[in-house]
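Contents: one structure, followed by commentary.
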Amino acid sequence: MGVELIAMGKGIGFEKKPGSEIDDAAVEKIFRLENMDNKEHFKELLGSLPLEHIRLSTDIISYARDSLGLTLSQNVYLTLTDHISFALNRHREGMDFNIVLYDEIKLFYPLEYSVGRYALELIEERLGCRLDEDEAASIALHIINAELNTAMGTTFVMVQMMREMMEIIENQITIPEGAAYPRERLISDLKQLVNRLVSEEPISGREDEELYRFVKEKYQEEYRILDRVCEHIERQYQCTMTPEEKVYLVLSIKRMKDLYTC
């Protein structure tokens with residue numbers, strides 16, 4: 001069975017008829033559509049948007065993949081191209097918007113945010129149009145979605161949940177100004193935890209009740225902080241941690257607390 005492809009390049013279809021061969025030298029990008037969810041929408045999008053917008057999107061995605069080693073869903077070609085074109089049109093009309101979770105995306109996903117910053121520089125270089133700094137976070141969201149293969153709304157929930165969990169934990173710990181490493185480690189732990197909670201993926205492995213009881217008794221202060229986190233996410237998001245996740249987060253809080261207080 002053949003694979004459906006879309007070839008992109010300047011003048012690639014000029015004076016060509018259906019079924020004609022194309023010049024390989026004119027091909028800039030080939031899209032393989034066998035794994036793309038919305039093929040027809042993507043084909044319509046490629047036909048309706050300026051070629052430069054498509055080039056920008058593909059170059060940004062290539063940068064994320066090749067320079068930063070990110071693994072992305074093919075659907076990002078559709079979502080990011082559509083977003084960039086919309087953002088440019090909106091900017092020209094003076095309709096820039098602030099993204100609510102700008103600071104959180106910058107904090108929790110610095111690698112993806114760097115892709116957004118690269119995108120702003122590339123857009124300005126090629127089109128002479130400087131988009132608002134918030135667009136770096138918006139572009140980062142599309143990259144995150146493509147990494148996790150989730151919907152935009154799901155990613156927003158994950159980022160918001162991490163922010164609220166972090167606030168609860170940090171409100172119980174005295175944090176020296178300028179401290180970075182302990183917080184970054186906790187962020188990494190929270191990202192893994194929230195991804196599992198939101199995706200509702202099952203946890204494999206045997207429950208260790210003895211370890212759970214030991215941690216609960218030995219680290220009572222940290223466990224009280226955990227209780228506040230659990231109560232919040234159960235009330236706000238109807239998410240429940242497993243005993244293993246509770247042990248993991250208690251130890252993470254303990255490690256962070258020790259590093260801040262030493």
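We name chains A, B, ... following the order of the structure tokens; residues begin at 1 in each chain, and ligands are numbered from 1 as shown.
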Task: helix (DSSP H, G or I) residues, from DSSP on the backbone, in region 103-133 of chain A, as a count of residues only - done: 24
Determine, counting only C-alpha atoms, which protein, DNA and RNA residues have an atom within 10 Å of an atom of Ser138 (chain A); residues of the same chain fewer than 5 positions away are not included. Present the result as a PDB file with C-alpha atoms, in the first residue's frame.
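Written file, selection08.pdb:
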```pdb
ATOM      1  CA  LEU A  80       2.049  25.224  14.872  1.00  0.00           C
ATOM      2  CA  HIS A  83      -0.956  29.181  15.134  1.00  0.00           C
ATOM      3  CA  ILE A  84       1.948  31.138  13.645  1.00  0.00           C
ATOM      4  CA  ALA A  87      -0.572  35.113  15.457  1.00  0.00           C
ATOM      5  CA  ASN A  98      -1.275  37.899  26.996  1.00  0.00           C
ATOM      6  CA  ILE A  99      -1.038  34.214  27.834  1.00  0.00           C
ATOM      7  CA  VAL A 100      -2.238  33.431  31.349  1.00  0.00           C
ATOM      8  CA  LEU A 101       0.433  30.844  32.207  1.00  0.00           C
ATOM      9  CA  TYR A 102       3.430  32.617  30.664  1.00  0.00           C
ATOM     10  CA  ILE A 105       5.541  27.654  31.070  1.00  0.00           C
ATOM     11  CA  TYR A 113      10.249  27.915  25.971  1.00  0.00           C
ATOM     12  CA  GLY A 116       9.498  29.757  21.437  1.00  0.00           C
ATOM     13  CA  GLU A 133       7.097  37.957  24.215  1.00  0.00           C
ATOM     14  CA  ILE A 143       5.760  22.000  21.243  1.00  0.00           C
ATOM     15  CA  ILE A 144       4.761  20.559  24.638  1.00  0.00           C
TER      16      ILE A 144
END
```
Which residues of region 98-201 of chain A have any atom within 10 Å of an atom in region 221-236 of chain A when counting only C-alpha atoms, and what is the closest pair of atoms for each, with the distance in Å to one decimal? Order the rows by chain and rising number and write it as JSON lines.
```
{"residue": "A:Met161", "atom": "CA", "partner": "A:Ile233", "partner_atom": "CA", "distance": 7.5}
{"residue": "A:Met162", "atom": "CA", "partner": "A:Ile233", "partner_atom": "CA", "distance": 10.0}
{"residue": "A:Glu164", "atom": "CA", "partner": "A:Val229", "partner_atom": "CA", "distance": 8.5}
{"residue": "A:Met165", "atom": "CA", "partner": "A:Val229", "partner_atom": "CA", "distance": 5.9}
{"residue": "A:Met166", "atom": "CA", "partner": "A:Val229", "partner_atom": "CA", "distance": 8.8}
{"residue": "A:Glu167", "atom": "CA", "partner": "A:Val229", "partner_atom": "CA", "distance": 9.5}
{"residue": "A:Ile168", "atom": "CA", "partner": "A:Val229", "partner_atom": "CA", "distance": 6.5}
{"residue": "A:Ile169", "atom": "CA", "partner": "A:Ile225", "partner_atom": "CA", "distance": 6.3}
{"residue": "A:Glu170", "atom": "CA", "partner": "A:Ile225", "partner_atom": "CA", "distance": 9.5}
{"residue": "A:Asn171", "atom": "CA", "partner": "A:Ile225", "partner_atom": "CA", "distance": 9.4}
{"residue": "A:Gln172", "atom": "CA", "partner": "A:Ile225", "partner_atom": "CA", "distance": 7.0}
{"residue": "A:Ile173", "atom": "CA", "partner": "A:Ile225", "partner_atom": "CA", "distance": 9.4}
{"residue": "A:Leu197", "atom": "CA", "partner": "A:Ile233", "partner_atom": "CA", "distance": 9.7}
```
Task: Spatial neighbours of Asn195 (chain A), 10 Å, only C-alpha atoms, chain gap at least 4 places, as a PyMOL selection string - done: chain A and resi 148+154-155+158-159+162+190-191+199-201
Open item on the list: Taking 2 positions as the minimum chain separation for residues in the same chain, which residues sit within 12 Å of Leu251 (chain A) when counting only C-alpha atoms? Answer as a VMD selection string.
Closed with: chain A and resid 185 to 186 189 211 to 212 214 to 216 218 to 223 225 to 226 244 to 249 253 to 258
Open item on the list: With distances taken over only C-alpha atoms, which residue among A:Glu124, A:Asp82, A:Asp208, A:Asp66 lies nearest Ser48 (chain A)?
Closed with: A:Asp82
TODO: Could you check which of A:Leu88, A:Leu78, A:Leu120, A:Ala151 is closest to Glu44 (chain A), using only C-alpha atoms?
DONE: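 Closest to Glu44 (chain A), using only C-alpha atoms: A:Leu78.
Take the candidates A:Phe108, A:Arg213, A:Thr150, A:Ile139 and check each one against Arg163 (chain A) using only C-alpha atoms; the shortest distance goes to A:Phe108.
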Task: 8 Å contact set for Val115 (chain A), only C-alpha atoms, chain neighbours under 2 positions out, as a list in words - done: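 Close residues of Val115 (chain A): Ile60, Tyr63, Ala64, Leu111, Glu112, Tyr113, Arg117, Tyr118, Ala119, Ala136, Ile139 and Ala140 of chain A.
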Open item on the list: Using Å and a single decimal, report how far CA of Val194 (chain A) sits from CA of Pro110 (chain A).
Closed with: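 Spanning CA of Pro110 (chain A) to CA of Val194 (chain A) is a straight-line distance of 17.0 Å.
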Open item on the list: What's the separation between CA of Ile123 (chain A) and CA of Leu56 (chain A), in Å to one decimal place?
Closed with: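 Rounded to one decimal, the two atoms are 7.1 Å apart.
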